[in-house]
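**Q** Structure supplied as start.cif; contents: mmCIF, C-alpha atoms.
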data_start
#
loop_
_atom_site.label_atom_id
_atom_site.label_comp_id
_atom_site.auth_asym_id
_atom_site.auth_seq_id
_atom_site.Cartn_x
_atom_site.Cartn_y
_atom_site.Cartn_z
CA MET L 1 66.33 106.14 80.46
CA SER L 2 69.94 105.88 79.35
CA ASP L 3 71.72 106.39 76.04
CA VAL L 4 71.98 102.88 74.59
CA ASP L 5 75.25 103.56 72.78
CA GLU L 6 76.82 104.48 76.09
CA LEU L 7 75.34 101.39 77.75
CA LYS L 8 76.88 99.24 75.01
CA ARG L 9 80.30 100.73 75.68
CA HIS L 10 80.06 100.18 79.42
CA VAL L 11 78.92 96.59 79.17
CA ALA L 12 82.22 95.51 77.58
CA ALA L 13 84.23 95.49 80.81
CA HIS L 14 81.56 93.60 82.73
CA ALA L 15 81.08 91.04 79.96
CA ALA L 16 84.81 90.35 80.00
CA THR L 17 84.78 89.57 83.74
CA LEU L 18 81.97 87.09 83.14
CA GLY L 19 83.70 85.34 80.27
CA ILE L 20 81.17 86.57 77.70
CA GLY L 21 83.00 87.17 74.46
CA PRO L 22 82.65 90.26 72.25
CA GLN L 23 81.00 88.33 69.42
CA GLU L 24 78.21 87.16 71.70
CA TYR L 25 77.32 90.46 73.34
CA GLN L 26 77.93 92.56 70.24
CA ALA L 27 75.54 90.40 68.23
CA LEU L 28 72.94 90.86 70.94
CA THR L 29 73.39 94.60 71.41
CA ALA L 30 73.27 95.17 67.65
CA GLY L 31 69.53 94.57 67.91
CA ILE L 32 69.06 97.22 70.62
CA SER L 33 68.00 100.65 69.41
CA HIS L 34 66.33 102.35 72.40
CA ASP L 35 65.84 102.28 76.18
CA ARG L 36 62.08 102.42 76.40
CA VAL L 37 59.87 99.27 76.42
CA GLY L 38 59.18 96.48 73.97
CA PRO L 39 61.21 94.79 71.23
CA GLY L 40 64.45 96.52 70.42
CA SER L 41 64.78 98.00 73.91
CA TRP L 42 67.73 97.42 76.24
CA VAL L 43 65.75 95.51 78.87
CA TYR L 44 63.65 93.51 76.41
CA GLU L 45 66.51 92.16 74.29
CA TRP L 46 68.78 91.25 77.19
CA SER L 47 65.86 89.63 79.05
CA ARG L 48 64.81 87.67 75.96
CA ALA L 49 68.36 86.35 75.58
CA ALA L 50 68.44 85.51 79.30
CA GLU L 51 65.22 83.52 79.01
CA GLU L 52 66.72 81.52 76.14
CA ARG L 53 69.85 80.68 78.16
CA GLU L 54 67.73 79.79 81.18
CA ALA L 55 65.61 77.41 79.09
CA GLU L 56 68.83 75.73 77.94
CA GLY L 57 69.95 75.27 81.56
CA GLU L 58 72.78 77.83 81.31
CA LEU L 59 71.89 79.46 84.60
CA LEU L 60 75.01 81.54 85.20
CA THR L 61 74.89 82.97 81.68
CA ALA L 62 71.17 83.63 82.08
CA ALA L 63 71.84 85.46 85.35
CA ALA L 64 74.54 87.53 83.64
CA PHE L 65 72.11 88.52 80.88
CA TYR L 66 69.37 89.44 83.37
CA ASN L 67 72.03 91.49 85.15
CA PHE L 68 72.75 93.40 81.94
CA ALA L 69 69.01 93.90 81.43
CA ARG L 70 68.75 95.78 84.76
CA PHE L 71 72.03 97.68 84.07
CA PRO L 72 72.99 100.29 85.20
CA PHE L 73 70.34 100.53 87.95
CA VAL L 74 66.65 99.91 88.53
CA ASP L 75 64.67 102.86 87.19
CA GLY L 76 61.27 101.25 86.71
CA ASN L 77 59.29 98.03 86.60
CA ALA L 78 61.11 96.52 83.61
CA ARG L 79 64.56 96.73 85.21
CA LEU L 80 63.10 95.65 88.57
CA ASP L 81 61.75 92.51 86.91
CA ALA L 82 65.16 91.89 85.38
CA LEU L 83 66.87 92.26 88.77
CA GLU L 84 64.40 89.87 90.40
CA ASN L 85 64.92 87.35 87.62
CA CYS L 86 68.69 87.64 88.03
CA VAL L 87 68.44 86.92 91.77
CA ARG L 88 65.99 84.06 91.14
CA THR L 89 68.29 82.46 88.58
CA ILE L 90 71.25 82.54 90.97
CA GLU L 91 68.99 81.02 93.62
CA GLU L 92 68.25 78.16 91.22
CA TRP L 93 71.92 77.80 90.29
CA ARG L 94 73.04 77.62 93.89
CA TYR L 95 70.95 74.49 94.49
CA GLU L 96 73.46 72.81 92.19
CA VAL L 97 76.26 74.26 94.38
CA PRO L 98 75.30 73.46 98.00
CA ALA L 99 78.31 75.32 99.40
CA VAL L 100 76.69 78.65 98.36
CA GLU L 101 74.06 80.02 100.72
CA ARG L 102 71.84 83.09 100.92
CA LEU L 103 72.20 85.62 103.74
CA ASP L 104 70.18 88.75 104.50
CA LEU L 105 71.40 91.20 107.11
CA LYS L 106 69.67 94.10 108.81
CA ILE L 107 72.20 96.94 108.92
CA GLY L 108 71.19 100.37 110.17
CA ASN L 109 67.84 101.24 108.66
CA GLY L 110 68.28 99.01 105.64
CA THR L 111 68.60 95.46 104.39
CA VAL L 112 71.77 94.06 102.84
CA GLY L 113 71.52 90.89 100.78
CA ALA L 114 74.46 88.55 100.29
CA TRP L 115 75.59 85.18 98.99
CA THR L 116 78.05 83.27 101.16
CA THR L 117 80.23 80.20 101.44
CA GLY L 118 82.18 78.60 104.25
CA LEU L 119 80.37 80.20 107.18
CA VAL L 120 80.04 78.14 110.34
CA GLY L 121 76.48 77.28 111.34
CA PRO L 122 74.35 74.38 112.52
CA ASP L 123 73.74 73.19 108.95
CA SER L 124 76.81 74.69 107.32
CA PRO L 125 78.97 72.58 104.98
CA ALA L 126 81.99 74.33 106.55
CA GLY L 127 81.72 72.29 109.73
CA GLY L 128 82.81 73.78 113.02
CA GLN L 129 86.08 75.53 112.19
CA ARG L 130 85.86 79.28 111.60
CA ARG L 131 87.77 80.34 108.51
CA PRO L 132 89.33 83.70 107.63
CA LEU L 133 86.78 85.90 105.86
CA LEU L 134 86.78 87.42 102.39
CA ILE L 135 84.24 90.13 101.55
CA ILE L 136 83.60 90.66 97.84
CA THR L 137 81.93 93.79 96.48
CA GLY L 138 81.63 95.36 93.05
CA GLY L 139 81.23 98.96 92.01
CA ILE L 140 78.30 101.30 91.54
CA VAL L 141 76.79 99.40 88.59
CA SER L 142 77.54 95.76 89.47
CA ILE L 143 75.26 93.67 91.64
CA LYS L 144 76.36 90.82 93.90
CA GLU L 145 75.06 88.16 91.49
CA GLN L 146 77.76 89.18 89.02
CA TRP L 147 80.45 88.10 91.48
CA VAL L 148 78.89 84.94 92.93
CA PRO L 149 81.31 82.62 91.05
CA VAL L 150 84.19 84.22 92.98
CA LEU L 151 82.82 82.45 96.06
CA LEU L 152 84.01 79.18 94.58
CA THR L 153 87.54 80.57 94.23
CA ALA L 154 87.42 81.78 97.84
CA ALA L 155 86.43 78.31 98.99
CA GLU L 156 89.41 76.83 97.13
CA LEU L 157 91.65 79.26 99.04
CA GLY L 158 90.24 78.01 102.35
CA LEU L 159 88.27 81.17 103.05
CA ALA L 160 84.77 81.88 104.21
CA ALA L 161 83.35 84.50 101.90
CA VAL L 162 80.49 86.94 101.50
CA VAL L 163 79.60 88.70 98.25
CA THR L 164 77.38 91.73 98.66
CA GLU L 165 76.69 95.19 97.21
CA LEU L 166 77.37 98.85 97.74
CA PRO L 167 74.58 100.85 99.36
CA GLY L 168 71.89 101.56 96.77
CA VAL L 169 73.06 98.81 94.41
CA GLY L 170 70.85 95.80 93.66
CA GLU L 171 69.06 94.61 96.79
CA ASN L 172 70.99 96.86 99.19
CA THR L 173 68.38 99.33 100.45
CA LEU L 174 70.83 101.70 102.18
CA ARG L 175 71.79 105.07 100.71
CA TYR L 176 75.30 105.77 99.41
CA THR L 177 76.91 108.37 101.69
CA PRO L 178 80.41 109.24 102.97
CA GLU L 179 79.64 106.95 105.92
CA SER L 180 78.85 103.94 103.72
CA TRP L 181 82.18 102.32 104.65
CA ARG L 182 80.51 101.35 107.94
CA ILE L 183 78.67 98.56 106.14
CA PHE L 184 81.88 96.51 106.26
CA PRO L 185 82.49 96.46 110.02
CA ALA L 186 78.74 95.88 110.49
CA ILE L 187 79.02 92.73 108.36
CA LEU L 188 81.97 91.57 110.46
CA ASP L 189 80.03 92.16 113.67
CA ALA L 190 77.15 90.08 112.29
CA LEU L 191 79.45 87.22 111.28
CA ALA L 192 81.71 87.13 114.32
CA ASP L 193 80.45 83.67 115.31
CA SER L 194 80.48 82.32 111.75
CA ALA L 195 83.98 83.21 110.51
CA ASP L 196 87.36 84.30 111.84
CA VAL L 197 86.66 87.99 111.27
CA SER L 198 89.92 88.93 113.00
CA ARG L 199 91.54 87.86 109.70
CA THR L 200 89.37 89.59 107.12
CA PHE L 201 90.35 90.44 103.56
CA VAL L 202 88.38 92.32 100.95
CA LEU L 203 88.12 92.13 97.18
CA ALA L 204 86.50 95.51 96.64
CA LEU L 205 86.26 96.71 93.07
CA SER L 206 85.94 100.30 91.83
CA PHE L 207 83.93 102.51 94.20
CA SER L 208 83.75 99.82 96.87
CA GLY L 209 87.55 99.88 96.94
CA HIS L 210 87.33 103.50 98.07
CA LEU L 211 85.07 102.47 100.96
CA ALA L 212 87.47 99.65 101.87
CA LEU L 213 90.36 102.11 102.10
CA ARG L 214 88.33 104.31 104.44
CA TRP L 215 87.38 101.24 106.49
CA ALA L 216 91.04 100.25 106.85
CA VAL L 217 91.69 103.46 108.78
CA GLU L 218 89.39 102.33 111.57
CA ASP L 219 89.29 98.53 111.84
CA PRO L 220 92.30 96.28 112.62
CA ARG L 221 90.28 93.20 111.67
CA LEU L 222 90.80 94.12 108.01
CA ARG L 223 94.14 92.59 107.03
CA GLY L 224 94.41 93.26 103.29
CA ILE L 225 92.71 94.92 100.32
CA VAL L 226 92.63 93.85 96.69
CA THR L 227 90.96 96.43 94.47
CA ALA L 228 90.75 97.76 90.93
CA GLY L 229 89.90 101.21 89.65
CA ALA L 230 89.08 102.66 93.06
CA PRO L 231 88.62 106.45 93.41
CA VAL L 232 90.48 108.20 96.20
CA ARG L 233 90.12 111.99 96.13
CA HIS L 234 90.30 113.88 92.86
CA LEU L 235 87.23 112.23 91.37
CA PHE L 236 85.27 113.52 94.35
CA THR L 237 86.73 117.03 94.40
CA ASP L 238 87.60 117.93 90.79
CA ARG L 239 84.47 119.43 89.23
CA ALA L 240 85.99 119.56 85.76
CA TRP L 241 86.71 115.82 85.97
CA GLN L 242 83.18 115.17 87.23
CA ASP L 243 81.73 117.11 84.30
CA ALA L 244 83.65 114.86 81.91
CA LEU L 245 82.51 111.61 83.52
CA PRO L 246 80.29 109.33 81.43
CA PRO L 247 76.65 110.30 82.01
CA VAL L 248 75.89 106.75 83.19
CA THR L 249 78.43 107.18 86.00
CA ARG L 250 76.99 110.52 87.12
CA ASP L 251 73.40 109.29 86.89
CA THR L 252 74.20 106.14 88.84
CA LEU L 253 76.00 108.02 91.62
CA ALA L 254 73.02 110.36 91.96
CA HIS L 255 70.63 107.40 92.04
CA LEU L 256 72.60 105.60 94.77
CA ALA L 257 72.84 108.76 96.86
CA GLY L 258 69.18 109.63 96.32
CA VAL L 259 69.88 113.13 95.01
CA ASP L 260 69.44 115.04 91.80
CA VAL L 261 72.48 114.71 89.55
CA GLY L 262 72.97 118.49 89.73
CA LEU L 263 73.71 118.19 93.47
CA LEU L 264 76.62 115.77 93.04
CA PRO L 265 79.33 118.47 93.02
CA ASP L 266 78.20 119.54 96.48
CA LEU L 267 77.89 115.98 97.81
CA LEU L 268 80.96 114.20 96.45
CA PRO L 269 83.74 116.13 98.26
CA GLY L 270 82.60 114.50 101.49
CA PHE L 271 83.85 111.16 100.14
CA ALA L 272 87.43 112.33 99.52
CA LEU L 273 90.19 110.61 101.51
CA SER L 274 92.69 112.90 103.22
CA ASP L 275 96.47 112.49 103.34
CA GLN L 276 96.14 111.61 107.02
CA GLU L 277 93.59 108.88 106.32
CA LEU L 278 95.69 107.37 103.54
CA THR L 279 98.81 107.35 105.70
CA ALA L 280 96.81 105.48 108.35
CA VAL L 281 96.23 102.59 105.90
CA THR L 282 99.11 100.34 106.95
CA ILE L 283 97.77 97.01 105.66
CA PRO L 284 98.76 95.61 102.23
CA VAL L 285 96.82 97.07 99.28
CA ARG L 286 96.92 95.45 95.83
CA TYR L 287 95.53 97.74 93.13
CA VAL L 288 94.75 97.20 89.43
CA ALA L 289 94.95 100.51 87.53
CA SER L 290 94.13 101.47 83.95
CA ALA L 291 96.38 104.04 82.28
CA ARG L 292 93.51 105.37 80.14
CA ASP L 293 90.83 105.23 82.83
CA GLU L 294 88.03 107.63 81.93
CA ILE L 295 86.47 107.42 85.41
CA ILE L 296 89.36 107.27 87.90
CA PRO L 297 91.88 110.15 87.62
CA ALA L 298 95.57 109.23 87.46
CA HIS L 299 96.04 111.64 90.39
CA ASP L 300 94.13 109.21 92.60
CA VAL L 301 96.50 106.33 91.89
CA GLN L 302 99.44 108.65 92.51
CA LEU L 303 98.03 109.52 95.93
CA LEU L 304 98.13 105.84 96.83
CA ARG L 305 101.72 105.54 95.60
CA THR L 306 102.67 108.53 97.75
CA HIS L 307 100.92 107.67 101.00
CA LEU L 308 100.33 103.93 101.35
CA ALA L 309 102.84 101.89 103.30
CA ASP L 310 102.40 98.61 101.38
CA LEU L 311 101.11 99.04 97.82
CA VAL L 312 101.54 96.95 94.69
CA VAL L 313 100.00 98.26 91.46
CA LEU L 314 99.29 96.30 88.30
CA GLU L 315 98.74 98.87 85.54
CA HIS L 316 97.16 98.07 82.20
CA ASP L 317 97.16 100.24 79.08
CA ASP L 318 93.37 100.18 79.01
CA VAL L 319 90.17 101.99 79.96
CA HIS L 320 88.19 101.64 83.19
CA GLY L 321 87.71 98.02 84.16
CA ALA L 322 90.52 96.93 81.78
CA PRO L 323 88.22 94.85 79.53
CA GLY L 324 91.14 93.91 77.29
CA HIS L 325 93.03 92.37 80.20
CA ALA L 326 90.32 90.43 82.06
CA ALA L 327 92.14 87.08 82.17
CA GLU L 328 95.41 88.64 83.36
CA THR L 329 93.61 90.67 86.02
CA ARG L 330 91.72 87.62 87.25
CA ALA L 331 94.91 85.56 87.63
CA TRP L 332 96.76 88.44 89.30
CA THR L 333 93.88 89.00 91.73
CA VAL L 334 93.74 85.36 92.82
CA GLN L 335 97.52 85.31 93.30
CA ALA L 336 97.34 88.56 95.29
CA LEU L 337 94.75 87.05 97.62
CA ARG L 338 96.86 83.91 98.02
CA ASP L 339 99.95 85.99 98.83
CA LEU L 340 98.07 88.07 101.38
CA LEU L 341 96.81 84.93 103.10
CA ASP L 342 100.27 83.40 103.21
CA SER L 343 101.94 86.55 104.55
CA THR L 344 99.35 87.56 107.15
CA PRO L 345 99.54 85.84 110.55
#
Just give me the structure of the file as structure tokens.

**A**
Amino acid sequence: MSDVDELKRHVAAHAATLGIGPQEYQALTAGISHDRVGPGSWVYEWSRAAEEREAEGELLTAAAFYNFARFPFVDGNARLDALENCVRTIEEWRYEVPAVERLDLKIGNGTVGAWTTGLVGPDSPAGGQRRPLLIITGGIVSIKEQWVPVLLTAAELGLAAVVTELPGVGENTLRYTPESWRIFPAILDALADSADVSRTFVLALSFSGHLALRWAVEDPRLRGIVTAGAPVRHLFTDRAWQDALPPVTRDTLAHLAGVDVGLLPDLLPGFALSDQELTAVTIPVRYVASARDEIIPAHDVQLLRTHLADLVVLEHDDVHGAPGHAAETRAWTVQALRDLLDSTP
């Protein structure tokens, strides 16, 4: 169980990215008083609201509300039901959007679920021409269904796209480890006949941005990174900073890694990126930073400024996720992707 007041604070940034206004979610969360079961609980109230939106045919909003019901991660049957309802609602929505398809991949000893658009296949709406690929991933608390609408933007940019999840998040059954960056090249290997993976770009938010940076050290098929609030080193090595992290962040990291939260200080240093690794990232990186980020240390952004060859930073005077600047970030991100496409042969 989580502290509901903390959950209410964290939901603000995610609501903003989904176009859900403060009045709507604040009115809903005002009726939430605990994180157990039954009326007044986090899962119950969000799920009830989701059912209402679903009955009214507002499938994307319903999916967003089911997503919040399972937030921050599945810790029992109630949140599992909410996750399954979220996935089901997106499945129903995508029948209204034939360009969006479901994909499940076997990677390592786990299963990775995804939603896609523009992939070449016998029955694919993309036809026979392989398009450059965009991979879209959220952070440690956001499932792929939250980012499905971005597939439509990718299609408008002429890209094939895959939206998926970090290991341990949503339907991804892998564990989160320092080697989790390998999920990205594995996806490219699986899609080599369905997209032009030699021209791959990634929109990797928060902790998935960290994995994308590590991936860039190894794989020339990755041609550009757009990220926001990605950790680099100090979050993983600074124990004082870790102690000050929101409990939801610490609990979620422990859940994804499959360890007790008390073991995180011993585990996390293995994720830190070295100076040598950062210097090896020669592709363009576009990074959205928050000056008052309570999760990502300012030191981490400074490391990128020091070591990356091609970095552009958009900095907001805001907290993690920049909830007060969602529209500006969205427009900047789309333009960054467009610029990367135009400038990359």

**Q** Just so the selection is clear, what residues does the PyMOL selection byres ((chain L and resi 313-317) around 7) cover here, as a ChimeraX atom specification?

**A** /L:286-292,311-312,318,322

**Q** Could you turn the residues from that selection into a file that holds C-alpha atoms, as a tab-separated table (two decimals), in the frame of the given file?

**A**
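Listing of result.tsv after writing:
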chain	number	residue	atom	x	y	z
L	286	ARG	CA	96.92	95.45	95.83
L	287	TYR	CA	95.53	97.74	93.13
L	288	VAL	CA	94.75	97.20	89.43
L	289	ALA	CA	94.95	100.51	87.53
L	290	SER	CA	94.13	101.47	83.95
L	291	ALA	CA	96.38	104.04	82.28
L	292	ARG	CA	93.51	105.37	80.14
L	311	LEU	CA	101.11	99.04	97.82
L	312	VAL	CA	101.54	96.95	94.69
L	318	ASP	CA	93.37	100.18	79.01
L	322	ALA	CA	90.52	96.93	81.78

**Q** Rounded to one decimal in Å, what is the spacing between atom CA of L:Ala230 and atom CA of L:Val197?

**A**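 Separation between atom CA of L:Ala230 and atom CA of L:Val197: 23.5 Å.
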
**Q** Quick one: which residues end up in the PyMOL selection byres ((chain L and resi 101) around 10) for this structure, as a PyMOL selection string?

**A** chain L and resi 91+94-95+97-100+102-103+114-119+124-125+162

**Q** Point out the residue among L:Ala336, L:Val74, L:Ala63, L:Leu133 with the least atom-to-atom distance to L:Gly158, counting all atoms listed in the file.

**A**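 The shortest atom-to-atom distance to L:Gly158 comes from L:Leu133.
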
**Q** When the PyMOL selection byres ((chain L and resi 81) around 12) is applied to the structure above, which residues does it catch, written out as a PDB file with C-alpha atoms, keeping the file's coordinate frame?

**A**
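Printed below is part21.pdb as written:
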ATOM      1  CA  VAL L  43      65.750  95.510  78.870  1.00  0.00           C
ATOM      2  CA  TYR L  44      63.650  93.510  76.410  1.00  0.00           C
ATOM      3  CA  SER L  47      65.860  89.630  79.050  1.00  0.00           C
ATOM      4  CA  TYR L  66      69.370  89.440  83.370  1.00  0.00           C
ATOM      5  CA  ASN L  67      72.030  91.490  85.150  1.00  0.00           C
ATOM      6  CA  ALA L  69      69.010  93.900  81.430  1.00  0.00           C
ATOM      7  CA  ARG L  70      68.750  95.780  84.760  1.00  0.00           C
ATOM      8  CA  PHE L  71      72.030  97.680  84.070  1.00  0.00           C
ATOM      9  CA  PHE L  73      70.340 100.530  87.950  1.00  0.00           C
ATOM     10  CA  VAL L  74      66.650  99.910  88.530  1.00  0.00           C
ATOM     11  CA  ASP L  75      64.670 102.860  87.190  1.00  0.00           C
ATOM     12  CA  GLY L  76      61.270 101.250  86.710  1.00  0.00           C
ATOM     13  CA  ASN L  77      59.290  98.030  86.600  1.00  0.00           C
ATOM     14  CA  ALA L  78      61.110  96.520  83.610  1.00  0.00           C
ATOM     15  CA  ARG L  79      64.560  96.730  85.210  1.00  0.00           C
ATOM     16  CA  LEU L  80      63.100  95.650  88.570  1.00  0.00           C
ATOM     17  CA  ALA L  82      65.160  91.890  85.380  1.00  0.00           C
ATOM     18  CA  LEU L  83      66.870  92.260  88.770  1.00  0.00           C
ATOM     19  CA  GLU L  84      64.400  89.870  90.400  1.00  0.00           C
ATOM     20  CA  ASN L  85      64.920  87.350  87.620  1.00  0.00           C
ATOM     21  CA  CYS L  86      68.690  87.640  88.030  1.00  0.00           C
ATOM     22  CA  VAL L  87      68.440  86.920  91.770  1.00  0.00           C
ATOM     23  CA  ARG L  88      65.990  84.060  91.140  1.00  0.00           C
ATOM     24  CA  GLY L 170      70.850  95.800  93.660  1.00  0.00           C
TER      25      GLY L 170
END

**Q** Which centre and which edge lengths, in Å to one decimal, describe the axis-aligned box that holds all listed atoms of stretch 79-91 of chain L after 3 Å is added on each side, as lines of an AutoDock Vina configuration file?

**A**
center_x = 66.5
center_y = 88.9
center_z = 89.4
size_x = 15.5
size_y = 21.7
size_z = 14.4

**Q** Extract, using all atoms listed in the file, all DNA, RNA and protein residues at most 8 Å from L:Phe68, discarding same-chain residues fewer than 3 positions from it, and format them as a ChimeraX atom specification.

**A** /L:11,43,46,64-65,71-72

**Q** Here is a test: counting only C-alpha atoms, which residue of L:Arg199, L:His325, L:Arg223, L:Arg182 is nearest to L:Leu211?

**A**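 Residue with the minimum atom-to-atom distance to L:Leu211: L:Arg182.
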
**Q** Can you pull out every residue within 10 Å of L:Leu7, counting all atoms listed in the file, but drop anything in the same chain fewer than 5 positions away, and send it as a PDB file with C-alpha atoms, in the frame of the given file?

**A**
ATOM      1  CA  SER L   2      69.940 105.880  79.350  1.00  0.00           C
ATOM      2  CA  ALA L  12      82.220  95.510  77.580  1.00  0.00           C
ATOM      3  CA  THR L  29      73.390  94.600  71.410  1.00  0.00           C
ATOM      4  CA  ASP L  35      65.840 102.280  76.180  1.00  0.00           C
ATOM      5  CA  TRP L  42      67.730  97.420  76.240  1.00  0.00           C
ATOM      6  CA  PHE L  68      72.750  93.400  81.940  1.00  0.00           C
ATOM      7  CA  PHE L  71      72.030  97.680  84.070  1.00  0.00           C
ATOM      8  CA  PRO L  72      72.990 100.290  85.200  1.00  0.00           C
ATOM      9  CA  PRO L 247      76.650 110.300  82.010  1.00  0.00           C
ATOM     10  CA  VAL L 248      75.890 106.750  83.190  1.00  0.00           C
TER      11      VAL L 248
END

**Q** Please return as a list in words every residue within 12 Å of (97.5, 111.3, 106.2), taking into account only C-alpha atoms and the file's own coordinates.

**A** Arg214, Val217, Leu273, Ser274, Asp275, Gln276, Glu277, Leu278, Thr279, Ala280, Val281, Thr282, Leu303, Leu304, Thr306, His307, Leu308 and Ala309 of chain L

**Q** Nearest residue to L:Ala228 out of L:Leu188, L:Arg330, L:Asp243, L:Glu179, using only C-alpha atoms?

**A**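 Going through L:Leu188, L:Arg330, L:Asp243, L:Glu179 one by one, the smallest distance to L:Ala228 is for L:Arg330.
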
**Q** Could you please determine the separation between atom CA of L:Leu166 and atom CA of L:Ser206 in Å, to one decimal place?

**A**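 Separating atom CA of L:Leu166 from atom CA of L:Ser206 is a distance of 10.5 Å.
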
**Q** Taking only C-alpha atoms into account, which of L:Gly57, L:Gly229, L:Pro220, L:Gly209 comes nearest L:Gly321?

**A**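 Residue with the minimum atom-to-atom distance to L:Gly321: L:Gly229.
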
**Q** Which distance in Å separates atom CA of L:Ile32 and atom CA of L:Glu145, to one decimal?

**A**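 Separation between atom CA of L:Ile32 and atom CA of L:Glu145: 23.5 Å.
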